[in-house]
Structure formats: structure tokens, C-alpha cells
>>> print(open('data27.cif').read())   # mmCIF, C-alpha atoms
data_run
loop_
_atom_site.label_atom_id
_atom_site.label_comp_id
_atom_site.auth_asym_id
_atom_site.auth_seq_id
_atom_site.Cartn_x
_atom_site.Cartn_y
_atom_site.Cartn_z
CA MET A 167 -30.75 2.72 -124.56
CA LEU A 168 -28.58 -0.20 -125.67
CA ALA A 169 -31.54 -1.87 -127.37
CA LYS A 170 -32.36 1.33 -129.26
CA GLN A 171 -28.76 1.75 -130.39
CA THR A 172 -28.58 -1.87 -131.53
CA GLN A 173 -31.85 -1.53 -133.44
CA SER A 174 -30.65 1.68 -135.07
CA LYS A 175 -27.40 0.05 -136.17
CA ALA A 176 -29.32 -2.90 -137.56
CA LEU A 177 -31.64 -0.62 -139.51
CA HIS A 178 -28.73 1.34 -140.89
CA TRP A 179 -26.99 -1.89 -141.91
CA LEU A 180 -30.17 -3.14 -143.59
CA GLY A 181 -30.60 0.19 -145.34
CA ARG A 182 -27.09 0.08 -146.73
CA GLN A 183 -27.58 -3.47 -147.98
CA LEU A 184 -30.97 -2.88 -149.59
CA PHE A 185 -30.91 0.73 -150.72
CA ASN A 186 -27.31 2.01 -150.20
CA SER A 187 -28.68 4.43 -147.59
CA ASN A 188 -28.12 5.11 -143.88
CA LYS A 189 -31.59 6.63 -143.44
CA PRO A 190 -34.31 4.15 -142.43
CA GLU A 191 -37.01 6.63 -143.49
CA THR A 192 -35.86 6.29 -147.11
CA PHE A 193 -36.25 2.49 -147.32
CA LEU A 194 -39.63 2.69 -149.05
CA ASP A 195 -38.74 5.57 -151.38
CA PRO A 196 -38.61 3.38 -154.53
CA LEU A 197 -42.22 2.30 -153.88
CA VAL A 198 -43.44 5.66 -152.58
CA GLU A 199 -42.02 7.45 -155.64
CA GLN A 200 -44.33 5.44 -157.89
CA ILE A 201 -47.37 6.48 -155.84
CA ASN A 202 -46.53 10.15 -155.25
CA PRO A 203 -43.02 11.51 -155.86
CA MET A 204 -43.73 14.39 -153.47
CA TRP A 205 -43.63 11.86 -150.59
CA VAL A 206 -40.01 10.81 -151.14
CA GLN A 207 -37.84 11.19 -148.01
CA GLU A 208 -34.25 10.93 -149.30
CA TYR A 209 -34.36 14.50 -150.57
CA THR A 210 -36.95 17.28 -150.62
CA PRO A 211 -39.16 16.85 -153.70
CA ALA A 212 -40.01 20.01 -155.64
CA ARG A 213 -42.63 20.23 -158.37
CA VAL A 214 -41.96 22.33 -161.47
CA GLU A 215 -44.85 24.80 -161.67
CA GLN A 216 -43.61 27.09 -164.45
CA ILE A 217 -40.74 27.38 -166.94
CA ILE A 218 -39.88 30.88 -168.18
CA GLN A 219 -37.66 31.48 -171.21
CA GLU A 220 -35.40 34.36 -170.14
CA THR A 221 -33.03 34.42 -173.15
CA SER A 222 -32.20 32.00 -175.95
CA ASP A 223 -30.02 29.94 -173.59
CA THR A 224 -31.45 30.69 -170.13
CA LYS A 225 -34.61 29.47 -168.41
CA THR A 226 -36.13 30.14 -165.01
CA LEU A 227 -37.73 27.20 -163.20
CA VAL A 228 -40.46 28.10 -160.72
CA LEU A 229 -40.59 25.28 -158.16
CA LYS A 230 -42.83 24.39 -155.24
CA PRO A 231 -40.83 22.29 -152.75
CA ALA A 232 -42.48 20.02 -150.21
CA GLY A 233 -43.37 21.96 -147.07
CA ARG A 234 -40.58 20.37 -145.03
CA TRP A 235 -37.88 22.21 -147.02
CA PRO A 236 -36.23 24.61 -144.52
CA GLY A 237 -35.89 27.65 -146.82
CA PHE A 238 -32.90 29.84 -147.65
CA GLU A 239 -31.26 33.25 -147.43
CA ALA A 240 -30.81 35.60 -150.37
CA GLY A 241 -27.65 34.78 -152.35
CA GLN A 242 -27.46 31.10 -151.39
CA HIS A 243 -27.15 28.00 -153.60
CA VAL A 244 -28.98 24.71 -153.68
CA ASN A 245 -28.22 21.26 -155.09
CA ILE A 246 -30.83 19.70 -157.34
CA CYS A 247 -31.12 16.00 -158.10
CA ILE A 248 -32.48 14.58 -161.35
CA GLU A 249 -32.31 11.21 -163.09
CA ILE A 250 -30.84 11.07 -166.60
CA ASP A 251 -30.81 7.72 -168.42
CA GLY A 252 -31.20 5.86 -165.14
CA VAL A 253 -28.33 7.69 -163.41
CA ARG A 254 -28.98 10.16 -160.61
CA ARG A 255 -27.19 13.47 -161.19
CA GLN A 256 -26.66 16.40 -158.80
CA ARG A 257 -25.74 19.95 -159.71
CA THR A 258 -25.56 23.26 -157.86
CA PHE A 259 -27.52 26.37 -158.88
CA SER A 260 -28.16 29.75 -157.29
CA LEU A 261 -31.63 30.63 -156.09
CA SER A 262 -32.83 33.61 -158.11
CA SER A 263 -35.96 34.45 -156.12
CA SER A 264 -36.31 36.24 -152.81
CA PRO A 265 -36.79 34.20 -149.61
CA ILE A 266 -39.92 36.30 -149.13
CA LEU A 267 -41.53 34.54 -152.12
CA TRP A 268 -40.85 31.20 -150.41
CA GLN A 269 -42.23 32.44 -147.09
CA GLU A 270 -45.41 33.85 -148.64
CA THR A 271 -46.21 31.35 -151.42
CA GLY A 272 -44.02 28.29 -150.86
CA ARG A 273 -42.34 28.86 -154.24
CA ILE A 274 -38.75 29.41 -155.29
CA SER A 275 -36.99 29.93 -158.60
CA LEU A 276 -33.75 28.75 -160.20
CA THR A 277 -32.45 30.56 -163.29
CA ILE A 278 -30.31 28.17 -165.33
CA LYS A 279 -28.14 28.89 -168.35
CA ARG A 280 -27.47 26.15 -170.89
CA LEU A 281 -23.78 25.22 -170.87
CA PRO A 282 -22.21 23.95 -174.11
CA GLY A 283 -21.65 20.23 -173.55
CA GLY A 284 -23.27 20.40 -170.10
CA LEU A 285 -25.06 17.13 -169.36
CA VAL A 286 -27.46 18.44 -166.69
CA THR A 287 -28.14 21.97 -167.99
CA ASN A 288 -28.83 20.66 -171.50
CA TRP A 289 -31.19 17.99 -170.14
CA LEU A 290 -33.04 20.56 -168.04
CA HIS A 291 -33.47 22.83 -171.07
CA ASP A 292 -34.45 20.06 -173.49
CA HIS A 293 -36.50 17.63 -171.40
CA LEU A 294 -37.80 19.11 -168.14
CA GLU A 295 -41.51 19.94 -168.27
CA THR A 296 -44.01 21.56 -165.94
CA GLY A 297 -45.47 19.05 -163.50
CA ALA A 298 -42.20 17.14 -163.17
CA VAL A 299 -40.69 16.56 -159.72
CA ILE A 300 -37.00 17.07 -159.01
CA GLY A 301 -34.96 16.64 -155.84
CA LEU A 302 -33.84 19.60 -153.77
CA GLY A 303 -31.13 19.79 -151.12
CA ASP A 304 -30.79 22.28 -148.28
CA ALA A 305 -29.56 25.77 -149.20
CA PHE A 306 -25.96 26.75 -148.43
CA GLY A 307 -23.44 29.51 -149.07
CA GLU A 308 -22.13 32.72 -147.49
CA PHE A 309 -22.84 35.14 -150.39
CA ARG A 310 -25.32 37.08 -148.26
CA ILE A 311 -26.63 40.62 -147.89
CA PRO A 312 -24.47 42.59 -145.44
CA GLU A 313 -25.66 43.04 -141.87
CA PRO A 314 -25.90 45.71 -140.58
CA VAL A 315 -26.98 47.71 -143.64
CA GLN A 316 -24.03 49.09 -145.65
CA PRO A 317 -23.54 50.56 -149.15
CA VAL A 318 -23.16 47.80 -151.75
CA LEU A 319 -21.67 47.41 -155.22
CA PHE A 320 -22.69 44.35 -157.24
CA ILE A 321 -20.57 43.39 -160.26
CA ALA A 322 -22.18 40.60 -162.28
CA GLY A 323 -21.54 38.98 -165.62
CA GLY A 324 -23.95 36.82 -167.65
CA SER A 325 -25.69 34.21 -165.54
CA GLY A 326 -23.79 35.51 -162.51
CA ILE A 327 -26.79 37.79 -162.03
CA THR A 328 -28.87 34.92 -160.55
CA PRO A 329 -27.93 35.13 -156.83
CA ILE A 330 -27.89 38.93 -157.11
CA LEU A 331 -31.51 38.89 -158.34
CA SER A 332 -32.42 37.18 -155.06
CA GLN A 333 -30.52 39.77 -153.06
CA LEU A 334 -31.96 42.79 -154.91
CA GLU A 335 -35.55 41.52 -154.58
CA THR A 336 -34.95 41.02 -150.86
CA MET A 337 -33.36 44.44 -150.40
CA ALA A 338 -36.23 46.14 -152.20
CA ALA A 339 -38.81 44.32 -150.07
CA GLN A 340 -36.94 45.28 -146.90
CA ASP A 341 -36.58 48.94 -147.99
CA TYR A 342 -32.80 48.71 -147.78
CA ARG A 343 -31.66 52.23 -146.86
CA ALA A 344 -28.04 52.33 -148.11
CA PRO A 345 -26.93 53.02 -151.74
CA VAL A 346 -26.84 49.95 -153.99
CA THR A 347 -25.22 49.87 -157.45
CA LEU A 348 -25.37 47.01 -159.96
CA LEU A 349 -22.90 46.85 -162.86
CA TYR A 350 -24.20 44.02 -165.03
CA TYR A 351 -22.09 42.90 -168.02
CA VAL A 352 -23.70 40.91 -170.85
CA ARG A 353 -22.47 40.04 -174.33
CA THR A 354 -25.40 41.69 -176.13
CA SER A 355 -28.76 43.23 -175.26
CA GLN A 356 -30.39 39.90 -176.15
CA ASP A 357 -28.42 38.21 -173.37
CA ILE A 358 -29.86 40.23 -170.48
CA ILE A 359 -31.34 37.79 -167.97
CA ALA A 360 -34.47 38.98 -166.13
CA ARG A 361 -34.39 42.34 -167.90
CA GLU A 362 -37.99 43.27 -167.05
CA LYS A 363 -37.48 42.31 -163.40
CA LEU A 364 -34.30 44.38 -163.15
CA GLU A 365 -35.93 47.42 -164.74
CA ALA A 366 -38.94 47.09 -162.44
CA LEU A 367 -36.62 46.88 -159.43
CA ALA A 368 -34.80 50.04 -160.55
CA ARG A 369 -38.13 51.89 -160.76
CA ARG A 370 -39.46 50.92 -157.33
CA PHE A 371 -36.22 50.56 -155.34
CA SER A 372 -34.94 54.14 -155.06
CA ALA A 373 -31.60 53.13 -153.50
CA LEU A 374 -30.68 51.08 -156.60
CA THR A 375 -28.56 52.38 -159.48
CA LEU A 376 -28.72 49.94 -162.40
CA GLU A 377 -26.13 49.87 -165.20
CA ILE A 378 -26.40 47.15 -167.86
CA ILE A 379 -23.31 47.10 -170.10
CA PRO A 380 -23.24 45.03 -173.34
CA THR A 381 -19.63 43.97 -173.94
CA HIS A 382 -19.77 42.89 -177.60
CA GLU A 383 -22.07 45.30 -179.43
CA GLY A 384 -19.38 47.76 -180.51
CA THR A 385 -16.39 47.44 -182.82
CA THR A 386 -14.20 46.53 -179.82
CA PRO A 387 -15.16 44.68 -176.61
CA ARG A 388 -16.35 46.88 -173.73
CA PHE A 389 -15.24 45.34 -170.45
CA LEU A 390 -15.23 46.53 -166.83
CA ASN A 391 -12.81 49.46 -166.54
CA GLU A 392 -11.63 52.26 -164.28
CA ARG A 393 -14.37 54.62 -165.49
CA ASP A 394 -17.04 52.17 -164.36
CA LEU A 395 -15.63 52.19 -160.85
CA ASP A 396 -15.25 55.99 -160.95
CA SER A 397 -19.01 56.20 -161.50
CA VAL A 398 -19.76 54.51 -158.16
CA PRO A 399 -20.06 57.12 -155.37
CA GLY A 400 -18.23 56.28 -152.16
CA LEU A 401 -16.64 53.14 -153.61
CA LYS A 402 -14.27 52.61 -150.69
CA ALA A 403 -17.18 52.49 -148.25
CA ARG A 404 -18.98 49.77 -150.21
CA GLN A 405 -19.25 46.06 -149.67
CA VAL A 406 -18.50 44.56 -153.12
CA TYR A 407 -20.18 41.39 -154.43
CA LEU A 408 -18.76 39.64 -157.50
CA CYS A 409 -20.39 36.87 -159.50
CA GLY A 410 -19.70 35.91 -163.10
CA PRO A 411 -17.13 34.43 -165.48
CA LYS A 412 -13.57 33.99 -164.24
CA GLY A 413 -12.23 36.71 -166.55
CA LEU A 414 -14.60 39.30 -165.10
CA MET A 415 -13.91 38.16 -161.54
CA ASP A 416 -10.14 38.40 -162.03
CA LEU A 417 -10.39 41.81 -163.71
CA ALA A 418 -12.67 43.15 -160.98
CA GLY A 419 -10.37 41.82 -158.28
CA ASP A 420 -7.34 43.54 -159.82
CA LEU A 421 -9.12 46.87 -160.30
CA LEU A 422 -10.56 46.84 -156.79
CA ALA A 423 -7.20 45.93 -155.24
CA ALA A 424 -5.60 48.84 -157.10
CA ARG A 425 -8.23 51.11 -155.50
CA GLY A 426 -7.29 49.87 -152.05
CA ILE A 427 -10.50 47.93 -151.43
CA ALA A 428 -9.83 45.50 -148.57
CA GLU A 429 -10.14 41.78 -149.26
CA ASN A 430 -12.67 41.33 -146.46
CA ASP A 431 -14.94 43.88 -148.18
CA ILE A 432 -15.05 41.77 -151.39
CA HIS A 433 -17.43 38.80 -151.54
CA SER A 434 -17.32 36.31 -154.41
CA THR A 435 -19.24 33.27 -155.48
CA PHE A 436 -18.19 30.95 -158.29
CA PHE A 437 -19.94 28.82 -160.89
CA SER A 438 -16.78 26.75 -161.38
CA ALA A 439 -13.94 26.14 -159.00
CA PRO A 440 -11.05 28.58 -159.34
CA ALA A 441 -7.71 26.81 -159.58
CA ALA A 442 -4.75 27.81 -157.45
CA ASP A 443 -1.13 27.55 -158.58
CA LEU A 444 -0.15 24.08 -157.38
CA GLY A 445 3.56 24.69 -157.93
CA ASP A 446 6.07 22.25 -159.35
CA ALA A 447 5.71 19.50 -156.75
CA PRO A 448 4.83 16.16 -158.39
CA LEU A 449 1.20 15.14 -157.96
CA GLY A 450 -0.52 11.79 -158.23
CA GLY A 451 -0.11 8.42 -156.57
CA GLU A 452 -2.08 5.34 -155.61
CA VAL A 453 -5.48 5.99 -154.00
CA GLN A 454 -6.77 3.27 -151.68
CA PHE A 455 -10.52 3.11 -151.01
CA SER A 456 -10.28 1.16 -147.77
CA ASN A 457 -13.99 0.47 -147.27
CA SER A 458 -14.41 -0.89 -150.81
CA ASP A 459 -11.20 -2.91 -151.18
CA LEU A 460 -10.37 -0.93 -154.30
CA ALA A 461 -7.31 0.99 -155.45
CA ALA A 462 -6.68 3.36 -158.36
CA SER A 463 -3.62 5.09 -159.75
CA SER A 464 -3.58 8.83 -160.30
CA GLU A 465 -1.41 11.07 -162.46
CA GLY A 466 -2.38 14.17 -160.48
CA ASP A 467 -4.67 15.53 -163.18
CA ALA A 468 -7.98 14.54 -161.53
CA SER A 469 -9.68 15.21 -158.22
CA LEU A 470 -10.28 12.43 -155.72
CA LEU A 471 -13.99 12.67 -156.54
CA ASP A 472 -13.25 12.03 -160.24
CA ILE A 473 -10.95 9.15 -159.32
CA ALA A 474 -13.56 7.58 -157.05
CA GLU A 475 -16.26 7.82 -159.73
CA ALA A 476 -13.92 6.38 -162.36
CA SER A 477 -13.36 3.45 -159.99
CA GLY A 478 -17.08 2.69 -159.91
CA LEU A 479 -17.84 4.34 -156.59
CA ASN A 480 -20.61 6.87 -156.05
CA PRO A 481 -19.60 9.11 -153.15
CA ARG A 482 -22.01 11.76 -151.99
CA HIS A 483 -21.32 15.11 -153.67
CA GLY A 484 -23.03 18.29 -154.75
CA CYS A 485 -21.44 21.40 -156.20
CA ARG A 486 -18.11 19.86 -157.35
CA MET A 487 -16.41 23.19 -156.59
CA GLY A 488 -15.69 23.18 -152.87
CA ILE A 489 -18.71 25.13 -151.68
CA CYS A 490 -21.28 22.71 -150.31
CA HIS A 491 -18.98 20.25 -148.42
CA GLN A 492 -21.27 17.31 -149.27
CA CYS A 493 -18.28 15.32 -150.57
CA SER A 494 -16.38 15.63 -147.29
CA CYS A 495 -14.59 12.36 -146.56
CA ARG A 496 -12.15 10.97 -144.00
CA LYS A 497 -8.58 10.65 -145.25
CA THR A 498 -6.81 8.05 -143.12
CA SER A 499 -3.30 8.53 -144.50
CA GLY A 500 -1.35 10.39 -147.16
CA THR A 501 -1.17 13.98 -148.37
CA VAL A 502 -3.56 15.84 -150.68
CA ILE A 503 -3.37 19.29 -152.27
CA ASN A 504 -6.34 21.65 -152.16
CA ARG A 505 -6.93 22.88 -155.72
CA LEU A 506 -8.57 26.10 -154.47
CA THR A 507 -5.80 27.21 -152.13
CA GLY A 508 -2.76 25.23 -153.29
CA LYS A 509 -2.16 24.16 -149.67
CA ALA A 510 -1.10 20.66 -148.66
CA SER A 511 -2.92 18.64 -146.03
CA GLY A 512 -1.21 16.90 -143.16
CA PRO A 513 -0.09 13.29 -143.68
CA GLY A 514 -2.46 11.73 -141.15
CA GLU A 515 -6.18 11.40 -140.51
CA GLU A 516 -8.41 14.37 -141.33
CA THR A 517 -11.55 15.35 -143.20
CA ILE A 518 -11.04 16.54 -146.78
CA GLN A 519 -13.28 17.55 -149.69
CA LEU A 520 -13.02 15.05 -152.50
CA CYS A 521 -13.97 17.47 -155.28
CA ILE A 522 -11.09 19.88 -154.69
CA SER A 523 -8.40 17.48 -153.47
CA VAL A 524 -5.60 15.99 -155.58
CA PRO A 525 -3.32 13.26 -154.21
CA ARG A 526 0.37 13.93 -153.67
CA GLY A 527 1.73 10.46 -153.18
CA PRO A 528 -0.21 7.45 -151.82
CA VAL A 529 -3.52 8.30 -150.15
CA SER A 530 -6.04 6.15 -148.26
CA LEU A 531 -9.70 7.17 -147.95
CA ASP A 532 -12.68 5.92 -145.93
CA LEU A 533 -14.70 5.07 -149.05
#
>>> encode(input="data27.cif", output="C-alpha cells")
Amino acid sequence: MLAKQTQSKALHWLGRQLFNSNKPETFLDPLVEQINPMWVQEYTPARVEQIIQETSDTKTLVLKPAGRWPGFEAGQHVNICIEIDGVRRQRTFSLSSSPILWQETGRISLTIKRLPGGLVTNWLHDHLETGAVIGLGDAFGEFRIPEPVQPVLFIAGGSGITPILSQLETMAAQDYRAPVTLLYYVRTSQDIIAREKLEALARRFSALTLEIIPTHEGTTPRFLNERDLDSVPGLKARQVYLCGPKGLMDLAGDLLAARGIAENDIHSTFFSAPAADLGDAPLGGEVQFSNSDLAASSEGDASLLDIAEASGLNPRHGCRMGICHQCSCRKTSGTVINRLTGKASGPGEETIQLCISVPRGPVSLDL
């Protein structure tokens, strides 16, 4: 046993020195990638089989991951990895297909909206072609279909429809027997993502009531309102799922709270991290990266992940919004504030998430 442990430690040390990796199986990835990128071990390779133009700024990527990918549940997210100008980039997207498609054909889909100024989304729209291979992480997230079966209300806005597409396809295939209503808000009729798929679902899935509401086709904006909620039978018995822009999420939360909908009956997923009120306490301080013999000063306006990257480090990360926990890191001393909750950590050793943590005073990290 001792010999095996020593050998493992030696391999891990060699991997870190040669390839900045703790996984011996990835040592030959740079060579293997040149022969067949689908053999890479550091992440699950996925080949782009089809690219579908959904709207002027939204595309669906149909991917075929390597068979070792473990699959997903409807409503979950996944990190993808691509290389742009020699730099590896990771971003988080919702899976828009049903897990049944993966189980039956080995294919999945991601529906991705171009973001103004977005490095990764713009590159995917402008440069990714069929036949290319991208990296795929394991699926994660708790935005899942209720079990046991219960009535559901989905409220989606814009590209927030993507995880809900996965859920609706799955519900239809499973002959979900409780009422399901989708209120889908889009700017104009030209901005409806997966319109044909949604209309086909409404025809074959008898439990589904579909309402698509353009918000900017009239003389005044038409947003979610009390009448929309009045149209949903048995609202108080429903599990409510929210996904979309922050304005819609906040409005929906206020209207639902006014109706007495319990917090534990409302499920949300975000495309950007919501920010809590951090109060008036001063933020910022010196950040020590103890494993790298580096230090950086902070004014409290950047996350620890941003600070680490600005210092030349490349910590593991994924979603950058506190969902995937890939950036979890050991804090050895100091206090940080969680940007999602506004809560302060303890002053001693604990695991924190770099992407949503801001230093409050001096902080030392195992990086």
C-alpha cells in the first residue's frame, strides 16, 4: 500500500510539473488531441453534429459526447470548455434537450444566445462549426422536475426557456399527469426560441398550457402581471419554476409572494449571479495566495476569482455564479463576504467559492 501511495504522489507531482494537472491519465492529452480529440481524458470531448439557427441571436448546438459522459437530469447545467486565441475558456449553459435523447441516441443540445460583448458566446456564434470538438463537464444543478408529480407553473423570459425545454420534453415523454402551464415572455415574435418545438409540445402534451407573450410589440411594454397569474388554475397548489432576466425574476418573485406562494415552492435558476445587499461594512484587503508566493490588493469591487486571475493564476472554475462549486478553495485565514447571500464567513479555515466571495480585510488562500 505504501509503495502505491508513493507512486501515486510521484505521478501527481510529475503531472503538476509537466501539465499542471493532478490526473496521470491526462499526461498524454496534448499528443492524443492531435491524433483524435475524442480520446482526450481531461474532460469529456463532445463533437458538434449540427448547428440550428433558432433566432437572429440564438443557436442550438447538437452535440455527441464521448460515451463515458455520465448524462444529466432535465433542467441541469453543464460547463463547456473551448480554446480561444490559445486560452482555454469555460462557460456554463443549460441543456435544452431531454435526457431521453441522450439515453436513446447519445446526443444532447445546448441552446446559446449571443451576449453583447460576450467573449465565449460570440466566438461560438461566429466560429464554431460542425465537426468541431469541445470539452464537456459533468452536469449539475437542482432545477429539476418535481417528484412526486405535482402541478407546475413555468415562468420564462428570453433564453431562460432553455432548461425548461428540457423539462417539458421530458414531462411529455413521461406522460406527466398533473397540469403544467408555461408563461414565456419574449421581446417580439421574432425572438421566440424553439417556437416550432414548443407548439408541437402543446399539441401532443395535453397537460400543457402554453402562453407566449411578446413584451415589446405594443405601444407600451407588456410585462408579467396579476392577470397572467389569475389565468393559472390552482396557482397556490403549483410548484413554480423561474428562469430569465433579473427584472422578470424579481417581478415574478414579488407577485408570487403577494399571492402567498411559499418560498420552498418557488425554484429559480440564474444566468448571472444575483447580488445581495452587502451593507456598509468596508470591503477589500490584501489577498495572499500561499501556494504561489503571491499577494494582491483588493478594493472590494472584485471577486476572489477575478483577483486570482488578475494575479496570473488560473484556478479551476466553471459557472462564475456560485452554482457549480468548481472554484471551491480552502481559505486558511481571514473573512470573506458571500455576494449571493451577503453573509460573512468565519475568520478561520474553511472552504469557500472564489467566484462569489469578496474579501473583508486580509485573506489567505490555498492557491
>>> atom_distance(input="data27.cif", atom1="CA of Thr375 in chain A", atom2="CA of Arg425 in chain A")
20.8 Å
>>> resolve_selection(input="data27.cif", expression="the PyMOL selection byres ((chain A and resi 519-521) around 12)", output="PyMOL selection string")
chain A and resi 438-439+453+468-475+480-497+502-506+511+516-518+522-525+529+531-533
>>> write_last_selection(input="data27.cif", atoms="C-alpha atoms", output="short mmCIF file (atom, residue, chain, number, x, y, z; two decimals), in the frame of the given file")
data_model
loop_
_atom_site.label_atom_id
_atom_site.label_comp_id
_atom_site.auth_asym_id
_atom_site.auth_seq_id
_atom_site.Cartn_x
_atom_site.Cartn_y
_atom_site.Cartn_z
CA SER A 438 -16.78 26.75 -161.38
CA ALA A 439 -13.94 26.14 -159.00
CA VAL A 453 -5.48 5.99 -154.00
CA ALA A 468 -7.98 14.54 -161.53
CA SER A 469 -9.68 15.21 -158.22
CA LEU A 470 -10.28 12.43 -155.72
CA LEU A 471 -13.99 12.67 -156.54
CA ASP A 472 -13.25 12.03 -160.24
CA ILE A 473 -10.95 9.15 -159.32
CA ALA A 474 -13.56 7.58 -157.05
CA GLU A 475 -16.26 7.82 -159.73
CA ASN A 480 -20.61 6.87 -156.05
CA PRO A 481 -19.60 9.11 -153.15
CA ARG A 482 -22.01 11.76 -151.99
CA HIS A 483 -21.32 15.11 -153.67
CA GLY A 484 -23.03 18.29 -154.75
CA CYS A 485 -21.44 21.40 -156.20
CA ARG A 486 -18.11 19.86 -157.35
CA MET A 487 -16.41 23.19 -156.59
CA GLY A 488 -15.69 23.18 -152.87
CA ILE A 489 -18.71 25.13 -151.68
CA CYS A 490 -21.28 22.71 -150.31
CA HIS A 491 -18.98 20.25 -148.42
CA GLN A 492 -21.27 17.31 -149.27
CA CYS A 493 -18.28 15.32 -150.57
CA SER A 494 -16.38 15.63 -147.29
CA CYS A 495 -14.59 12.36 -146.56
CA ARG A 496 -12.15 10.97 -144.00
CA LYS A 497 -8.58 10.65 -145.25
CA VAL A 502 -3.56 15.84 -150.68
CA ILE A 503 -3.37 19.29 -152.27
CA ASN A 504 -6.34 21.65 -152.16
CA ARG A 505 -6.93 22.88 -155.72
CA LEU A 506 -8.57 26.10 -154.47
CA SER A 511 -2.92 18.64 -146.03
CA GLU A 516 -8.41 14.37 -141.33
CA THR A 517 -11.55 15.35 -143.20
CA ILE A 518 -11.04 16.54 -146.78
CA ILE A 522 -11.09 19.88 -154.69
CA SER A 523 -8.40 17.48 -153.47
CA VAL A 524 -5.60 15.99 -155.58
CA PRO A 525 -3.32 13.26 -154.21
CA VAL A 529 -3.52 8.30 -150.15
CA LEU A 531 -9.70 7.17 -147.95
CA ASP A 532 -12.68 5.92 -145.93
CA LEU A 533 -14.70 5.07 -149.05
#
>>> closest_residue(input="data27.cif", among="A:Lys230, A:Glu452, A:Gly514, A:Ser325", to="Ala360 in chain A", atoms="all atoms listed in the file")
A:Ser325
>>> closest_residue(input="data27.cif", among="A:Leu319, A:Val352, A:Ala476, A:Ala338", to="Arg388 in chain A", atoms="all atoms listed in the file")
A:Val352
>>> closest_residue(input="data27.cif", among="A:Ile378, A:Thr224, A:Gly301, A:Ser264", to="Ile246 in chain A", atoms="only C-alpha atoms")
A:Gly301
>>> atom_distance(input="data27.cif", atom1="CA of Gln216 in chain A", atom2="CA of Tyr351 in chain A")
26.9 Å
>>> resolve_selection(input="data27.cif", expression="the PyMOL selection byres ((chain A and resi 253-263) around 6)", output="ChimeraX atom specification")
/A:243-252,264,274-276,328-329,331-332,484-485
>>> atom_distance(input="data27.cif", atom1="CA of Thr296 in chain A", atom2="CA of Leu267 in chain A")
19.1 Å
